[in-house]
Amino acid sequence: MYSQGLRDSKAGDESPELLEAFQKRIDAEEKIEPRDWMPQAYRKTLIRQISQHAHSEIVGQLPEANWVTRAPTLKRKLILLAKIQDEAGHGLYLYSAAETLGESRHQMYQDLLSGKAKYSSIFNYPTLNWADAGAVGWLVDGAAIMNQVALCRTSYGPYSRAMVRICKEESFHQRQGYDIMIKMANGTPEQKAMAQDALNRTWWPSLMMFGPSDKDSTHSNQSMKWKIKRFSNDDLRQKFIDATVPQAEYLGLTIPDKNLKYNKKTGHYDFSEIIWDELFDVIKGNGPCNQQRMDARNKAYDDGAWVREAAAAYAEKQQNNKEVA
Amino acid sequence: MKLYEVFIRAKAGLSHKHVGSVHASDAQMAMQNARDLYTRREEGESIWVVDSSQIISSNPADKAAYFEPAEDKIYRHPSFYPFDKEVKNI
Amino acid sequence: MSAVYNYVLNLGDNTLILGQRLSEWCGVGPFLEEDLALTNTSLDIIGQAKMLLEYAAKLKNDTQSADDLAFMRDQHQFKNVLLVEQPNGDYSQTMLRQYFMDVYHVHLYSALSNSSNQQLAGIAAKSLKEVTYHLERSQLWIKRMAHGSTESFNRLQTSLNKLWHYHHELFEETKELSQLVVQGIAANPKELHKKWDTEVKTLMATTPLEIPQTGWKATGGRIGHHSEYLGKMLCEMQFLQRAYPGCEW
């Protein structure tokens with residue numbers, strides 16, 4: 001079987017020789033493929049990271065779907081639908097990659113529904129006005145792209161291939177978001193106020209998407225060594241800020257940070273300390289929409305149970321009929 | 001739901017290429033799901049879906065025995081036969 | 001207003017309202033692959049609505065847009081059949097409504113591909129490809145639910161009892177429409193009805209489903225007499241354009 005990666009290596013198999021040979025392959029920029037030998041911790045880290053990423057795409061459908069039925073024009077409705085649909089698609093590419101590591105999608109999904117698995121904290125914030133549909137595309141997808149471009153070169157083959165596919169599709173997401181922001185920022189005073197309000201609420205949570213500061217990140221070092229991650233959280237965050245500030249200026253909107261300033265010496269923007277307690281609190285489940293998002297996913301799953309059962313029952317009957325005939 | 005592997009041919013003249021997998025209760029649904037997931041941007045003109053459990057894959061442990069013996073058969077490659085520049089069109 | 005305008009508006013509103021209903025499923029489908037597939041359907045159908053309403057707007061006058069028609073009319077000005085504005089219900093109800101509309105659209109667009117009206121013929125030819133695929137999907141779901149489990153059969157039968165009475169309205173005849181048929185512009189509703197009936201009943205006959213024999217028949221969409229559902233649906237759909245008129249989005 002291709003997809004169900006075999007768990008060839010038992011915990012006891014991890015001799016220093018095997019580990020060293022594995023690290024050599026990584027250092028030589030060789031890709032690791034599903035049935036290759038890999039340390040258990042590598043497998044586990046990947047399953048955790050890829051499934052979290054997949055969950056984020058799936059939960060991430062909800063804040064934007066909040067505006068689909070209220071999109072202001074037919075064109076915007078079509079674009080937003082296509083965009084949210086892409087998120088579901090990206091979730092599927094990622095589950096598909098994670099399944100090659102021997103974890104079933106069913107199990108991963110159960111972990112999401114039970115609250116055991118995490119997803120990006122950004123989706124626990126509400127989308128309160130139409131400009132949020134723009135800000136999500138511009139900032140949230142913009143931040144995601146920074147991460148994802150870096151992950152296209154990740155060491156695990158199926159993950160890297162999924163990321164390449166996702167990156168190709170994602171830049172449309174950011175551009176359509178910025179396109180909404182341009183219209184709103186240059187529109188009536190009410191529209192401009194919506195745009196500023198959306199930026200005010202989305203800015204800090206977007207910066208938190210890159211994860212804790214490098215000095216507090218628990219998984220970073222080993223992941224860098226295995227080339228699962230290729231850039232540090234802080235580097236990517238800085239890169240995002242540097243790219244985004246001029247875009248906000250172009251819109252004539254104000255980024256909600258008094259200390260944001262270009263630093264000629266470093267060539268980067270300085271910014272205020274992030275309030276990390278908020279991030280950790282939202283991750284723990286105490287964000288404004290955690291409960292709502294989980295309820296929505298659980299309801300969809302429960303409501304769909306009879307549909308999935310019917311499909312399975314029908315398939316089985318068809319199979320039996322074939323065997324009889 | 002069963003797992004199916006999906007192969008897409010981007011255009012006539014190319015071979016089908018593995019692109020990922022879908023879940024489906026039967027083959028017909030697998031085909032439709034593959035179409036809806038993997039060809040949203042005109043990525044293909046032909047799809048194969050294969051029940052994952054039906055794929056027979058070589059074992060990485062056999063890599064040395066399977067693939068390395070080809071390494072020293074350099075006489076299979078055209079560059080093994082250098083000629084003088086005077087010899088043309090060969 | 002011209003007869004062609006009324007006709008195009010009827011087709012455009014059917015697709016707009018159906019597409020809007022389908023978009024409510026975005027993100028909460030019964031499983032991920034199906035969520036994505038149904039969104040493809042709603043993208044196609046809203047795309048058809050956009051083409052039809054753009055054409056309708058052009059027929060009306062040059063200053064109106066498809067968005068004006070979609071977002072600035074009140075419910076009594078909508079011409080869609082009552083079937084498409086009915087709530088999604090459970091997945092059997094959504095899929096049965098979809099199946100009814102897919103069979104209708106396949107025959108409608110097949111006929112309209114040969115319309116003497118070039119714009120309509122063009123829209124129909126493009127849309128026919130889309131609805132052919134929609135029908136392949138919805139038909140399979142009807143089979144799956146009809147033969148699947150006891151629960152899925154019961155749910156589908158309940159939906160059939162509810163929705164059957166809404167299909168007649170798709171084939172209503174009016175004097176105005178008859179003239180368009182004579183001119184080779186519109187599809188003949190009698191013929192469409194016959195084809196629809198044969199196709200749907202043939203599929204139903206392969207299942208244990210029972211078609212309800214008697215009952216009220218929905219009507220009124222053409223003259224703007226809708227169910228209560230439409231007004232509320234429009235409140236949501238039109239909110240931004242109504243609250244902030246004249247903006248660019």
# chains A, B, ... in the order shown; residues from 1 in each chain; ligands from 1
call {"tool": "interface_residues", "arguments": {"of": "chain A", "to": "chain C", "cutoff": "6 Å", "atoms": "only C-alpha atoms", "output": "PDB file with N, CA and C atoms, in the first residue's frame"}}
result
ATOM      1  N   GLN A  61     -12.562  27.700   7.369  1.00  0.00           N
ATOM      2  CA  GLN A  61     -13.688  27.958   6.462  1.00  0.00           C
ATOM      3  C   GLN A  61     -14.769  28.785   7.159  1.00  0.00           C
ATOM      4  N   THR A  69     -23.198  34.338   2.571  1.00  0.00           N
ATOM      5  CA  THR A  69     -24.603  34.618   2.230  1.00  0.00           C
ATOM      6  C   THR A  69     -24.884  36.118   2.241  1.00  0.00           C
ATOM      7  N   ARG A  70     -23.937  36.924   2.755  1.00  0.00           N
ATOM      8  CA  ARG A  70     -24.133  38.380   2.786  1.00  0.00           C
ATOM      9  C   ARG A  70     -23.138  39.128   1.907  1.00  0.00           C
ATOM     10  N   PRO A  72     -21.571  41.349  -0.813  1.00  0.00           N
ATOM     11  CA  PRO A  72     -22.321  42.481  -1.356  1.00  0.00           C
ATOM     12  C   PRO A  72     -22.594  42.445  -2.856  1.00  0.00           C
ATOM     13  N   THR A  73     -21.830  41.665  -3.617  1.00  0.00           N
ATOM     14  CA  THR A  73     -22.105  41.581  -5.056  1.00  0.00           C
ATOM     15  C   THR A  73     -21.989  40.121  -5.490  1.00  0.00           C
ATOM     16  N   GLN A  85     -13.817  27.304  -0.555  1.00  0.00           N
ATOM     17  CA  GLN A  85     -13.734  25.945  -1.083  1.00  0.00           C
ATOM     18  C   GLN A  85     -12.279  25.512  -1.197  1.00  0.00           C
ATOM     19  N   LYS A 183     -10.995  48.514  -2.153  1.00  0.00           N
ATOM     20  CA  LYS A 183     -12.325  49.077  -2.376  1.00  0.00           C
ATOM     21  C   LYS A 183     -12.864  49.730  -1.100  1.00  0.00           C
ATOM     22  N   ALA A 300     -21.851  19.849  12.150  1.00  0.00           N
ATOM     23  CA  ALA A 300     -21.755  19.407  10.757  1.00  0.00           C
ATOM     24  C   ALA A 300     -21.433  17.913  10.702  1.00  0.00           C
ATOM     25  N   GLY A 304     -24.065  15.016   9.480  1.00  0.00           N
ATOM     26  CA  GLY A 304     -23.671  14.282   8.270  1.00  0.00           C
ATOM     27  C   GLY A 304     -23.550  12.782   8.480  1.00  0.00           C
ATOM     28  N   ALA A 310     -25.331   6.110   4.907  1.00  0.00           N
ATOM     29  CA  ALA A 310     -26.126   5.712   3.744  1.00  0.00           C
ATOM     30  C   ALA A 310     -25.221   5.395   2.562  1.00  0.00           C
ATOM     31  N   ALA A 311     -24.206   6.239   2.361  1.00  0.00           N
ATOM     32  CA  ALA A 311     -23.284   6.027   1.242  1.00  0.00           C
ATOM     33  C   ALA A 311     -22.546   4.708   1.411  1.00  0.00           C
ATOM     34  N   ALA A 313     -23.542   2.090   3.190  1.00  0.00           N
ATOM     35  CA  ALA A 313     -24.489   0.978   3.056  1.00  0.00           C
ATOM     36  C   ALA A 313     -24.796   0.707   1.591  1.00  0.00           C
ATOM     37  N   TYR A 314     -24.943   1.777   0.820  1.00  0.00           N
ATOM     38  CA  TYR A 314     -25.238   1.618  -0.607  1.00  0.00           C
ATOM     39  C   TYR A 314     -24.062   0.946  -1.316  1.00  0.00           C
TER      40      TYR A 314
END
call {"tool": "interface_residues", "arguments": {"of": "chain B", "to": "chain C", "cutoff": "9 Å", "atoms": "only C-alpha atoms", "output": "ChimeraX atom specification"}}
result
/B:22-24,28-29,32-37,40
call {"tool": "closest_residue", "arguments": {"among": "A:Lys261, A:Arg230, A:Arg105, A:Lys215", "to": "chain B", "atoms": "only C-alpha atoms"}}
result
A:Arg105
call {"tool": "select_by_dssp", "arguments": {"residues": "segment 13-182 of chain A", "states": "alpha helix (DSSP H)", "output": "PyMOL selection string"}}
result
chain A and resi 16-27+40-59+61-68+74-99+105-114+130-135+141-151+157-182
call {"tool": "closest_residue", "arguments": {"among": "B:Ser52, B:Ser79, B:Ser15, B:Thr39", "to": "chain A", "atoms": "only C-alpha atoms"}}
result
B:Ser52
call {"tool": "interface_residues", "arguments": {"of": "chain B", "to": "chain A", "cutoff": "6 Å", "atoms": "only C-alpha atoms", "output": "PyMOL selection string"}}
result
chain B and resi 21+25-26+53+55-56+60
call {"tool": "closest_residue", "arguments": {"among": "A:Leu113, A:Lys83, A:Cys167, A:Thr154", "to": "Ala133 of chain A", "atoms": "only C-alpha atoms"}}
result
A:Lys83
